file work.cif (mmCIF, N, CA and C atoms)
data_final
#
loop_
_atom_site.label_atom_id
_atom_site.label_comp_id
_atom_site.auth_asym_id
_atom_site.auth_seq_id
_atom_site.Cartn_x
_atom_site.Cartn_y
_atom_site.Cartn_z
N MET J 1 0.84 -1.18 0.00
CA MET J 1 0.00 0.00 0.00
C MET J 1 0.89 1.25 0.00
N ARG J 2 0.57 2.18 -0.87
CA ARG J 2 1.36 3.40 -0.98
C ARG J 2 0.72 4.51 -0.14
N TYR J 3 1.25 4.73 1.04
CA TYR J 3 0.68 5.73 1.93
C TYR J 3 0.91 7.15 1.44
N VAL J 4 1.97 7.34 0.66
CA VAL J 4 2.26 8.67 0.12
C VAL J 4 1.14 9.12 -0.81
N ARG J 5 0.59 8.19 -1.55
CA ARG J 5 -0.52 8.52 -2.45
C ARG J 5 -1.75 8.99 -1.66
N PHE J 6 -2.01 8.37 -0.52
CA PHE J 6 -3.11 8.81 0.33
C PHE J 6 -2.87 10.23 0.86
N ILE J 7 -1.64 10.51 1.24
CA ILE J 7 -1.31 11.85 1.74
C ILE J 7 -1.47 12.89 0.64
N LYS J 8 -0.97 12.58 -0.54
CA LYS J 8 -1.14 13.49 -1.68
C LYS J 8 -2.62 13.71 -1.98
N GLY J 9 -3.39 12.63 -1.91
CA GLY J 9 -4.82 12.73 -2.15
C GLY J 9 -5.51 13.58 -1.10
N ALA J 10 -5.14 13.40 0.16
CA ALA J 10 -5.75 14.19 1.23
C ALA J 10 -5.46 15.67 1.04
N VAL J 11 -4.23 16.00 0.72
CA VAL J 11 -3.88 17.41 0.49
C VAL J 11 -4.67 17.97 -0.69
N THR J 12 -4.75 17.20 -1.76
CA THR J 12 -5.48 17.65 -2.95
C THR J 12 -6.96 17.86 -2.64
N VAL J 13 -7.57 16.91 -1.96
CA VAL J 13 -9.00 17.01 -1.66
C VAL J 13 -9.27 18.17 -0.70
N ILE J 14 -8.43 18.37 0.28
CA ILE J 14 -8.62 19.46 1.23
C ILE J 14 -8.53 20.81 0.52
N VAL J 15 -7.52 20.98 -0.32
CA VAL J 15 -7.36 22.25 -1.04
C VAL J 15 -8.51 22.47 -2.01
N ALA J 16 -8.90 21.44 -2.74
CA ALA J 16 -10.00 21.58 -3.70
C ALA J 16 -11.32 21.89 -2.98
N THR J 17 -11.55 21.23 -1.85
CA THR J 17 -12.77 21.48 -1.08
C THR J 17 -12.79 22.90 -0.54
N ALA J 18 -11.67 23.36 -0.02
CA ALA J 18 -11.60 24.73 0.50
C ALA J 18 -11.83 25.74 -0.62
N ALA J 19 -11.25 25.49 -1.79
CA ALA J 19 -11.41 26.42 -2.91
C ALA J 19 -12.86 26.47 -3.39
N CYS J 20 -13.48 25.33 -3.54
CA CYS J 20 -14.86 25.30 -4.04
C CYS J 20 -15.85 25.82 -3.01
N HIS J 21 -15.62 25.52 -1.75
CA HIS J 21 -16.51 26.03 -0.69
C HIS J 21 -16.38 27.55 -0.59
N THR J 22 -15.17 28.07 -0.69
CA THR J 22 -14.95 29.52 -0.66
C THR J 22 -15.59 30.18 -1.87
N LEU J 23 -15.44 29.55 -3.03
CA LEU J 23 -16.06 30.08 -4.24
C LEU J 23 -17.57 30.19 -4.06
N MET J 24 -18.18 29.15 -3.51
CA MET J 24 -19.64 29.18 -3.32
C MET J 24 -20.04 30.23 -2.28
N SER J 25 -19.31 30.32 -1.20
CA SER J 25 -19.65 31.30 -0.16
C SER J 25 -19.56 32.73 -0.68
N THR J 26 -18.48 33.05 -1.37
CA THR J 26 -18.32 34.41 -1.88
C THR J 26 -19.26 34.69 -3.05
N GLY J 27 -19.48 33.71 -3.89
CA GLY J 27 -20.39 33.90 -5.02
C GLY J 27 -21.83 34.10 -4.58
N PHE J 28 -22.24 33.32 -3.58
CA PHE J 28 -23.60 33.48 -3.08
C PHE J 28 -23.75 34.81 -2.33
N ALA J 29 -22.70 35.27 -1.67
CA ALA J 29 -22.75 36.58 -1.01
C ALA J 29 -22.92 37.68 -2.06
N ALA J 30 -22.23 37.54 -3.19
CA ALA J 30 -22.39 38.51 -4.28
C ALA J 30 -23.80 38.46 -4.86
N ALA J 31 -24.35 37.28 -4.95
CA ALA J 31 -25.72 37.15 -5.45
C ALA J 31 -26.72 37.80 -4.49
N ARG J 32 -26.49 37.61 -3.17
CA ARG J 32 -27.37 38.26 -2.19
C ARG J 32 -27.22 39.77 -2.25
N ALA J 33 -26.00 40.25 -2.45
CA ALA J 33 -25.77 41.69 -2.51
C ALA J 33 -26.45 42.31 -3.73
N SER J 34 -26.52 41.58 -4.82
CA SER J 34 -27.14 42.13 -6.02
C SER J 34 -28.66 42.19 -5.90
N THR J 35 -29.23 41.47 -4.93
CA THR J 35 -30.68 41.51 -4.75
C THR J 35 -31.12 42.64 -3.83
N SER J 36 -30.20 43.20 -3.06
CA SER J 36 -30.60 44.25 -2.12
C SER J 36 -31.03 45.51 -2.87
N GLY J 37 -32.18 46.00 -2.51
CA GLY J 37 -32.71 47.21 -3.12
C GLY J 37 -33.32 46.99 -4.49
N SER J 38 -33.49 45.76 -4.89
CA SER J 38 -34.04 45.47 -6.21
C SER J 38 -35.44 44.89 -6.07
N ASP J 39 -36.33 45.33 -6.93
CA ASP J 39 -37.69 44.79 -6.94
C ASP J 39 -37.83 43.60 -7.88
N ASP J 40 -36.77 43.31 -8.63
CA ASP J 40 -36.79 42.21 -9.58
C ASP J 40 -36.80 40.88 -8.82
N ALA J 41 -37.75 40.02 -9.14
CA ALA J 41 -37.87 38.73 -8.47
C ALA J 41 -36.69 37.81 -8.80
N PHE J 42 -36.04 38.05 -9.93
CA PHE J 42 -34.94 37.18 -10.35
C PHE J 42 -33.57 37.83 -10.17
N ALA J 43 -33.50 38.88 -9.38
CA ALA J 43 -32.22 39.54 -9.12
C ALA J 43 -31.29 38.56 -8.40
N GLY J 44 -30.08 38.45 -8.86
CA GLY J 44 -29.10 37.56 -8.26
C GLY J 44 -29.15 36.13 -8.77
N THR J 45 -30.12 35.82 -9.60
CA THR J 45 -30.24 34.44 -10.10
C THR J 45 -29.05 34.06 -10.97
N PHE J 46 -28.63 34.98 -11.83
CA PHE J 46 -27.50 34.68 -12.70
C PHE J 46 -26.25 34.40 -11.88
N GLU J 47 -25.98 35.24 -10.89
CA GLU J 47 -24.80 35.05 -10.05
C GLU J 47 -24.87 33.74 -9.28
N PHE J 48 -26.06 33.42 -8.78
CA PHE J 48 -26.26 32.18 -8.04
C PHE J 48 -25.98 30.96 -8.92
N LEU J 49 -26.58 30.95 -10.11
CA LEU J 49 -26.40 29.81 -11.02
C LEU J 49 -24.97 29.71 -11.53
N LEU J 50 -24.35 30.85 -11.83
CA LEU J 50 -22.96 30.85 -12.30
C LEU J 50 -22.02 30.32 -11.21
N THR J 51 -22.25 30.74 -9.98
CA THR J 51 -21.42 30.28 -8.87
C THR J 51 -21.56 28.77 -8.67
N THR J 52 -22.80 28.30 -8.69
CA THR J 52 -23.04 26.87 -8.50
C THR J 52 -22.40 26.05 -9.61
N ALA J 53 -22.61 26.46 -10.86
CA ALA J 53 -22.03 25.73 -11.99
C ALA J 53 -20.50 25.77 -11.95
N ALA J 54 -19.94 26.91 -11.58
CA ALA J 54 -18.48 27.03 -11.51
C ALA J 54 -17.91 26.10 -10.45
N SER J 55 -18.56 26.01 -9.31
CA SER J 55 -18.08 25.12 -8.25
C SER J 55 -18.15 23.66 -8.68
N TRP J 56 -19.26 23.30 -9.31
CA TRP J 56 -19.43 21.91 -9.74
C TRP J 56 -18.46 21.53 -10.85
N ALA J 57 -18.11 22.47 -11.72
CA ALA J 57 -17.16 22.19 -12.79
C ALA J 57 -15.72 22.24 -12.28
N LEU J 58 -15.48 23.09 -11.28
CA LEU J 58 -14.12 23.28 -10.79
C LEU J 58 -13.62 22.11 -9.94
N MET J 59 -14.50 21.48 -9.18
CA MET J 59 -14.06 20.42 -8.27
C MET J 59 -13.35 19.28 -9.01
N PRO J 60 -13.94 18.66 -10.04
CA PRO J 60 -13.20 17.57 -10.71
C PRO J 60 -11.91 18.06 -11.35
N LEU J 61 -11.92 19.27 -11.85
CA LEU J 61 -10.71 19.83 -12.46
C LEU J 61 -9.61 20.00 -11.42
N LEU J 62 -9.96 20.51 -10.26
CA LEU J 62 -8.96 20.69 -9.19
C LEU J 62 -8.45 19.35 -8.67
N LEU J 63 -9.34 18.37 -8.56
CA LEU J 63 -8.90 17.05 -8.10
C LEU J 63 -7.91 16.43 -9.09
N TRP J 64 -8.24 16.53 -10.37
CA TRP J 64 -7.35 15.98 -11.39
C TRP J 64 -6.03 16.73 -11.42
N ALA J 65 -6.09 18.07 -11.45
CA ALA J 65 -4.87 18.87 -11.55
C ALA J 65 -3.99 18.71 -10.32
N GLY J 66 -4.61 18.65 -9.14
CA GLY J 66 -3.82 18.49 -7.92
C GLY J 66 -3.05 17.19 -7.89
N MET J 67 -3.69 16.12 -8.29
CA MET J 67 -3.00 14.83 -8.30
C MET J 67 -1.93 14.79 -9.40
N ARG J 68 -2.20 15.40 -10.53
CA ARG J 68 -1.21 15.42 -11.61
C ARG J 68 0.01 16.26 -11.22
N VAL J 69 -0.22 17.38 -10.55
CA VAL J 69 0.89 18.22 -10.10
C VAL J 69 1.78 17.44 -9.13
N MET J 70 1.17 16.58 -8.35
CA MET J 70 1.94 15.78 -7.39
C MET J 70 2.50 14.50 -8.01
N GLY J 71 2.32 14.35 -9.32
CA GLY J 71 2.94 13.24 -10.04
C GLY J 71 2.18 11.94 -10.01
N GLU J 72 0.91 11.97 -9.68
CA GLU J 72 0.12 10.74 -9.61
C GLU J 72 -0.75 10.61 -10.86
N THR J 73 -0.85 9.38 -11.35
CA THR J 73 -1.72 9.07 -12.48
C THR J 73 -2.77 8.08 -12.02
N GLY J 74 -3.72 7.76 -12.90
CA GLY J 74 -4.76 6.81 -12.54
C GLY J 74 -5.75 7.38 -11.55
N ASN J 75 -6.21 8.61 -11.81
CA ASN J 75 -7.08 9.31 -10.89
C ASN J 75 -8.54 9.37 -11.35
N VAL J 76 -8.94 8.47 -12.22
CA VAL J 76 -10.28 8.53 -12.80
C VAL J 76 -11.35 8.37 -11.73
N ALA J 77 -11.17 7.44 -10.81
CA ALA J 77 -12.17 7.22 -9.76
C ALA J 77 -12.30 8.46 -8.88
N LEU J 78 -11.19 9.06 -8.51
CA LEU J 78 -11.22 10.27 -7.69
C LEU J 78 -11.94 11.40 -8.41
N VAL J 79 -11.61 11.61 -9.66
CA VAL J 79 -12.19 12.72 -10.41
C VAL J 79 -13.69 12.53 -10.62
N ILE J 80 -14.10 11.35 -11.04
CA ILE J 80 -15.52 11.13 -11.34
C ILE J 80 -16.35 11.04 -10.06
N VAL J 81 -15.98 10.15 -9.16
CA VAL J 81 -16.77 9.98 -7.94
C VAL J 81 -16.64 11.21 -7.04
N GLY J 82 -15.45 11.77 -6.94
CA GLY J 82 -15.26 12.98 -6.14
C GLY J 82 -16.06 14.15 -6.66
N GLY J 83 -16.09 14.31 -7.98
CA GLY J 83 -16.88 15.38 -8.58
C GLY J 83 -18.37 15.18 -8.36
N LEU J 84 -18.84 13.96 -8.54
CA LEU J 84 -20.26 13.68 -8.32
C LEU J 84 -20.64 13.80 -6.85
N ALA J 85 -19.75 13.37 -5.97
CA ALA J 85 -20.02 13.50 -4.54
C ALA J 85 -20.08 14.98 -4.13
N TRP J 86 -19.21 15.81 -4.71
CA TRP J 86 -19.26 17.24 -4.42
C TRP J 86 -20.56 17.84 -4.94
N LEU J 87 -20.99 17.43 -6.10
CA LEU J 87 -22.26 17.90 -6.65
C LEU J 87 -23.40 17.56 -5.68
N GLY J 88 -23.41 16.35 -5.19
CA GLY J 88 -24.46 15.95 -4.25
C GLY J 88 -24.35 16.66 -2.92
N LEU J 89 -23.15 16.76 -2.38
CA LEU J 89 -22.95 17.38 -1.07
C LEU J 89 -23.28 18.87 -1.11
N SER J 90 -22.71 19.57 -2.06
CA SER J 90 -22.96 21.01 -2.13
C SER J 90 -24.39 21.30 -2.56
N GLY J 91 -24.97 20.44 -3.35
CA GLY J 91 -26.37 20.62 -3.73
C GLY J 91 -27.30 20.39 -2.54
N TYR J 92 -26.99 19.42 -1.72
CA TYR J 92 -27.82 19.13 -0.55
C TYR J 92 -27.75 20.27 0.47
N TYR J 93 -26.55 20.83 0.65
CA TYR J 93 -26.36 21.88 1.65
C TYR J 93 -26.32 23.28 1.02
N ILE J 94 -26.90 23.44 -0.16
CA ILE J 94 -26.83 24.72 -0.86
C ILE J 94 -27.53 25.83 -0.07
N ASP J 95 -28.60 25.51 0.63
CA ASP J 95 -29.27 26.53 1.44
C ASP J 95 -28.42 26.94 2.63
N ASP J 96 -27.65 26.01 3.18
CA ASP J 96 -26.77 26.36 4.30
C ASP J 96 -25.65 27.28 3.84
N ILE J 97 -25.09 27.02 2.66
CA ILE J 97 -24.02 27.86 2.14
C ILE J 97 -24.57 29.23 1.74
N ASP J 98 -25.80 29.26 1.26
CA ASP J 98 -26.40 30.50 0.77
C ASP J 98 -26.76 31.47 1.89
N ARG J 99 -26.88 31.01 3.12
CA ARG J 99 -27.14 31.92 4.23
C ARG J 99 -25.93 32.82 4.46
N ALA J 100 -26.18 34.00 4.99
CA ALA J 100 -25.07 34.89 5.35
C ALA J 100 -24.22 34.21 6.42
N GLY J 101 -22.95 34.00 6.13
CA GLY J 101 -22.05 33.33 7.07
C GLY J 101 -22.27 31.83 7.16
N GLY J 102 -23.03 31.25 6.24
CA GLY J 102 -23.34 29.83 6.28
C GLY J 102 -22.25 28.98 5.66
N HIS J 103 -22.19 27.74 6.10
CA HIS J 103 -21.19 26.78 5.61
C HIS J 103 -21.81 25.39 5.57
N ILE J 104 -21.16 24.52 4.83
CA ILE J 104 -21.50 23.10 4.89
C ILE J 104 -21.04 22.61 6.27
N PRO J 105 -21.83 21.79 6.94
CA PRO J 105 -21.42 21.30 8.26
C PRO J 105 -20.06 20.58 8.22
N ALA J 106 -19.29 20.78 9.28
CA ALA J 106 -17.94 20.23 9.34
C ALA J 106 -17.93 18.71 9.21
N LEU J 107 -18.91 18.04 9.77
CA LEU J 107 -18.96 16.58 9.68
C LEU J 107 -19.14 16.13 8.23
N ALA J 108 -19.98 16.83 7.48
CA ALA J 108 -20.19 16.49 6.07
C ALA J 108 -18.92 16.75 5.26
N LEU J 109 -18.23 17.85 5.54
CA LEU J 109 -16.97 18.13 4.85
C LEU J 109 -15.91 17.09 5.19
N THR J 110 -15.87 16.68 6.44
CA THR J 110 -14.92 15.65 6.86
C THR J 110 -15.19 14.33 6.14
N ALA J 111 -16.47 13.97 6.05
CA ALA J 111 -16.83 12.74 5.34
C ALA J 111 -16.42 12.82 3.88
N TYR J 112 -16.61 13.99 3.25
CA TYR J 112 -16.22 14.16 1.85
C TYR J 112 -14.69 14.04 1.70
N ILE J 113 -13.96 14.65 2.59
CA ILE J 113 -12.50 14.59 2.52
C ILE J 113 -12.00 13.16 2.72
N LEU J 114 -12.62 12.43 3.64
CA LEU J 114 -12.22 11.03 3.84
C LEU J 114 -12.56 10.18 2.62
N LEU J 115 -13.72 10.41 2.02
CA LEU J 115 -14.08 9.69 0.79
C LEU J 115 -13.07 9.99 -0.32
N GLY J 116 -12.76 11.27 -0.51
CA GLY J 116 -11.79 11.65 -1.54
C GLY J 116 -10.41 11.09 -1.29
N THR J 117 -9.99 11.07 -0.03
CA THR J 117 -8.68 10.51 0.31
C THR J 117 -8.64 9.02 0.00
N GLY J 118 -9.71 8.32 0.33
CA GLY J 118 -9.78 6.89 0.01
C GLY J 118 -9.76 6.64 -1.48
N LEU J 119 -10.49 7.46 -2.22
CA LEU J 119 -10.50 7.31 -3.68
C LEU J 119 -9.14 7.64 -4.28
N ALA J 120 -8.47 8.61 -3.72
CA ALA J 120 -7.15 8.99 -4.24
C ALA J 120 -6.12 7.88 -4.01
N GLY J 121 -6.29 7.12 -2.96
CA GLY J 121 -5.37 6.03 -2.68
C GLY J 121 -5.53 4.84 -3.61
N PHE J 122 -6.63 4.78 -4.32
CA PHE J 122 -6.88 3.70 -5.26
C PHE J 122 -6.11 3.97 -6.54
N ASP J 123 -5.20 3.07 -6.90
CA ASP J 123 -4.41 3.19 -8.13
C ASP J 123 -4.65 1.95 -8.98
N PRO J 124 -5.45 2.07 -10.04
CA PRO J 124 -5.74 0.91 -10.86
C PRO J 124 -4.54 0.41 -11.65
N ASN J 125 -3.51 1.22 -11.79
CA ASN J 125 -2.33 0.84 -12.57
C ASN J 125 -1.32 0.04 -11.74
N ARG J 126 -1.48 0.00 -10.45
CA ARG J 126 -0.52 -0.68 -9.59
C ARG J 126 -0.80 -2.17 -9.55
N ARG J 127 0.20 -2.95 -9.70
CA ARG J 127 0.09 -4.40 -9.68
C ARG J 127 0.59 -4.92 -8.32
N GLY J 128 -0.08 -5.95 -7.85
CA GLY J 128 0.39 -6.64 -6.64
C GLY J 128 -0.01 -5.98 -5.45
#

call {"tool": "encode", "arguments": {"input": "work.cif", "output": "C-alpha cells"}}
result
Amino acid sequence: MRYVRFIKGAVTVIVATAACHTLMSTGFAAARASTSGSDDAFAGTFEFLLTTAASWALMPLLLWAGMRVMGETGNVALVIVGGLAWLGLSGYYIDDIDRAGGHIPALALTAYILLGTGLAGFDPNRRG
C-alpha cells in the first residue's frame, strides 16, 4: 500500500474542497448583494447559477490537476466519484451555504474529505 498517495490525495481534496466552498460562499454573497434594493424577483439568479455551476465544474478539475501536479496518475475514480459527490454534497447543503455566514457542516466536509482521500489512494495501474 502506498501511503504517500493517500497523503497526496488528502492534500489535494482538502485544497479543492476549500477552494470550491470559498467560491460558493463568496459567489452566493455577491448574489445576495445584487438583490438588495431590487424589486426584480430574479435579481441575483445569474450570479447564483454561475457560482453553482463554476463550483461543480471546478471540483473535478482541481482534483485531477492536484494529483497530476503531485505526479500521480490513474485518478479517474477520484475525479468522477469525487466530482459527483461534491455535486451531491454542495447541492444538498446549498441553502446552508447560501445563508449569510453559512457553511457546509464540518462533519459532512470531513466525510467528503475522507471519501476523496480513500478514492485517491486507489491506483488501478498498480500491480500486486

call {"tool": "residues_near_point", "arguments": {"input": "work.cif", "point": "(-27.6, 35.4, 3.0)", "cutoff": "8 Å", "atoms": "all atoms listed in the file", "output": "list in words"}}
result
Phe28, Ala29, Ala31, Arg32, Ala33, Ile97, Asp98, Arg99, Ala100, Gly101 and Gly102 of chain J

call {"tool": "closest_residue", "arguments": {"input": "work.cif", "among": "J:Ala43, J:Met70, J:Ala53, J:Leu109", "to": "Tyr93 of chain J", "atoms": "only C-alpha atoms"}}
result
J:Leu109

call {"tool": "residues_around", "arguments": {"input": "work.cif", "residues": "segment 65-67 of chain J", "least_positions_apart": "4", "cutoff": "7 Å", "atoms": "only N, CA and C atoms", "output": "number ranges by chain"}}
result
J: 8-9, 12, 60-61, 71-73

call {"tool": "closest_residue", "arguments": {"input": "work.cif", "among": "J:Ile7, J:Leu89, J:Leu62, J:Ala54", "to": "Met24 of chain J", "atoms": "all atoms listed in the file"}}
result
J:Ala54

call {"tool": "resolve_selection", "arguments": {"input": "work.cif", "expression": "the PyMOL selection byres ((chain J and resi 111-121) around 6.5)", "output": "list in words"}}
result
Arg5, Phe6, Gly9, Ala10, Val13, Ile14, Ala77, Leu78, Gly82, Ala106, Leu107, Ala108, Leu109, Thr110, Phe122 and Asp123 of chain J

call {"tool": "axis_aligned_box", "arguments": {"input": "work.cif", "around": "segment 33-38 of chain J", "padding_each_side": "8 Å", "output": "lines of an AutoDock Vina configuration file"}}
result
center_x = -30.6
center_y = 43.7
center_z = -4.2
size_x = 25.7
size_y = 23.0
size_z = 20.1

call {"tool": "residues_around", "arguments": {"input": "work.cif", "residues": "Ala19 of chain J", "least_positions_apart": "2", "cutoff": "9 Å", "atoms": "only C-alpha atoms", "output": "ChimeraX atom specification"}}
result
/J:14-17,21-24,55,58-59,62

call {"tool": "atom_distance", "arguments": {"input": "work.cif", "atom1": "atom CA of His103 of chain J", "atom2": "atom CA of Ser25 of chain J"}}
result
7.5 Å

call {"tool": "atom_distance", "arguments": {"input": "work.cif", "atom1": "atom CA of Gly83 of chain J", "atom2": "atom C of Leu49 of chain J"}}
result
16.7 Å

call {"tool": "resolve_selection", "arguments": {"input": "work.cif", "expression": "the PyMOL selection byres ((chain J and resi 44) around 8)", "output": "VMD selection string"}}
result
chain J and resid 30 to 36 40 to 43 45 to 50

call {"tool": "atom_distance", "arguments": {"input": "work.cif", "atom1": "atom CA of Thr51 of chain J", "atom2": "atom C of Val11 of chain J"}}
result
22.3 Å

call {"tool": "select_by_dssp", "arguments": {"input": "work.cif", "residues": "chain J", "states": "helix (DSSP H, G or I)", "output": "ChimeraX atom specification"}}
result
/J:3-35,45-69,76-92,94-98,106-121

call {"tool": "decode", "arguments": {"input": "work.cif", "residues": "segment 42-93 of chain J", "atoms": "C-alpha atoms", "output": "PDB file, in the first residue's frame"}}
result
ATOM      1  CA  PHE J  42     -34.940  37.179 -10.349  1.00  0.00           C
ATOM      2  CA  ALA J  43     -32.220  39.542  -9.124  1.00  0.00           C
ATOM      3  CA  GLY J  44     -29.098  37.560  -8.260  1.00  0.00           C
ATOM      4  CA  THR J  45     -30.238  34.436 -10.096  1.00  0.00           C
ATOM      5  CA  PHE J  46     -27.498  34.682 -12.705  1.00  0.00           C
ATOM      6  CA  GLU J  47     -24.796  35.054 -10.052  1.00  0.00           C
ATOM      7  CA  PHE J  48     -26.257  32.181  -8.038  1.00  0.00           C
ATOM      8  CA  LEU J  49     -26.402  29.811 -11.020  1.00  0.00           C
ATOM      9  CA  LEU J  50     -22.962  30.849 -12.299  1.00  0.00           C
ATOM     10  CA  THR J  51     -21.420  30.276  -8.872  1.00  0.00           C
ATOM     11  CA  THR J  52     -23.043  26.874  -8.502  1.00  0.00           C
ATOM     12  CA  ALA J  53     -22.030  25.734 -11.990  1.00  0.00           C
ATOM     13  CA  ALA J  54     -18.477  27.031 -11.513  1.00  0.00           C
ATOM     14  CA  SER J  55     -18.080  25.121  -8.250  1.00  0.00           C
ATOM     15  CA  TRP J  56     -19.427  21.912  -9.737  1.00  0.00           C
ATOM     16  CA  ALA J  57     -17.158  22.185 -12.788  1.00  0.00           C
ATOM     17  CA  LEU J  58     -14.119  23.282 -10.790  1.00  0.00           C
ATOM     18  CA  MET J  59     -14.059  20.420  -8.274  1.00  0.00           C
ATOM     19  CA  PRO J  60     -13.204  17.573 -10.707  1.00  0.00           C
ATOM     20  CA  LEU J  61     -10.714  19.829 -12.462  1.00  0.00           C
ATOM     21  CA  LEU J  62      -8.961  20.685  -9.194  1.00  0.00           C
ATOM     22  CA  LEU J  63      -8.903  17.047  -8.102  1.00  0.00           C
ATOM     23  CA  TRP J  64      -7.349  15.979 -11.390  1.00  0.00           C
ATOM     24  CA  ALA J  65      -4.873  18.873 -11.551  1.00  0.00           C
ATOM     25  CA  GLY J  66      -3.824  18.493  -7.918  1.00  0.00           C
ATOM     26  CA  MET J  67      -2.999  14.831  -8.304  1.00  0.00           C
ATOM     27  CA  ARG J  68      -1.205  15.419 -11.612  1.00  0.00           C
ATOM     28  CA  VAL J  69       0.893  18.221 -10.100  1.00  0.00           C
ATOM     29  CA  MET J  70       1.941  15.776  -7.389  1.00  0.00           C
ATOM     30  CA  GLY J  71       2.938  13.240 -10.037  1.00  0.00           C
ATOM     31  CA  GLU J  72       0.120  10.742  -9.614  1.00  0.00           C
ATOM     32  CA  THR J  73      -1.722   9.074 -12.484  1.00  0.00           C
ATOM     33  CA  GLY J  74      -4.758   6.807 -12.536  1.00  0.00           C
ATOM     34  CA  ASN J  75      -7.084   9.310 -10.890  1.00  0.00           C
ATOM     35  CA  VAL J  76     -10.277   8.528 -12.800  1.00  0.00           C
ATOM     36  CA  ALA J  77     -12.169   7.221  -9.760  1.00  0.00           C
ATOM     37  CA  LEU J  78     -11.218  10.265  -7.688  1.00  0.00           C
ATOM     38  CA  VAL J  79     -12.188  12.723 -10.409  1.00  0.00           C
ATOM     39  CA  ILE J  80     -15.518  11.132 -11.341  1.00  0.00           C
ATOM     40  CA  VAL J  81     -16.767   9.982  -7.935  1.00  0.00           C
ATOM     41  CA  GLY J  82     -15.261  12.977  -6.137  1.00  0.00           C
ATOM     42  CA  GLY J  83     -16.883  15.380  -8.579  1.00  0.00           C
ATOM     43  CA  LEU J  84     -20.262  13.677  -8.321  1.00  0.00           C
ATOM     44  CA  ALA J  85     -20.018  13.504  -4.537  1.00  0.00           C
ATOM     45  CA  TRP J  86     -19.258  17.240  -4.419  1.00  0.00           C
ATOM     46  CA  LEU J  87     -22.256  17.901  -6.648  1.00  0.00           C
ATOM     47  CA  GLY J  88     -24.456  15.950  -4.252  1.00  0.00           C
ATOM     48  CA  LEU J  89     -22.949  17.382  -1.074  1.00  0.00           C
ATOM     49  CA  SER J  90     -22.956  21.015  -2.132  1.00  0.00           C
ATOM     50  CA  GLY J  91     -26.367  20.619  -3.725  1.00  0.00           C
ATOM     51  CA  TYR J  92     -27.815  19.131  -0.547  1.00  0.00           C
ATOM     52  CA  TYR J  93     -26.356  21.885   1.648  1.00  0.00           C
TER      53      TYR J  93
END
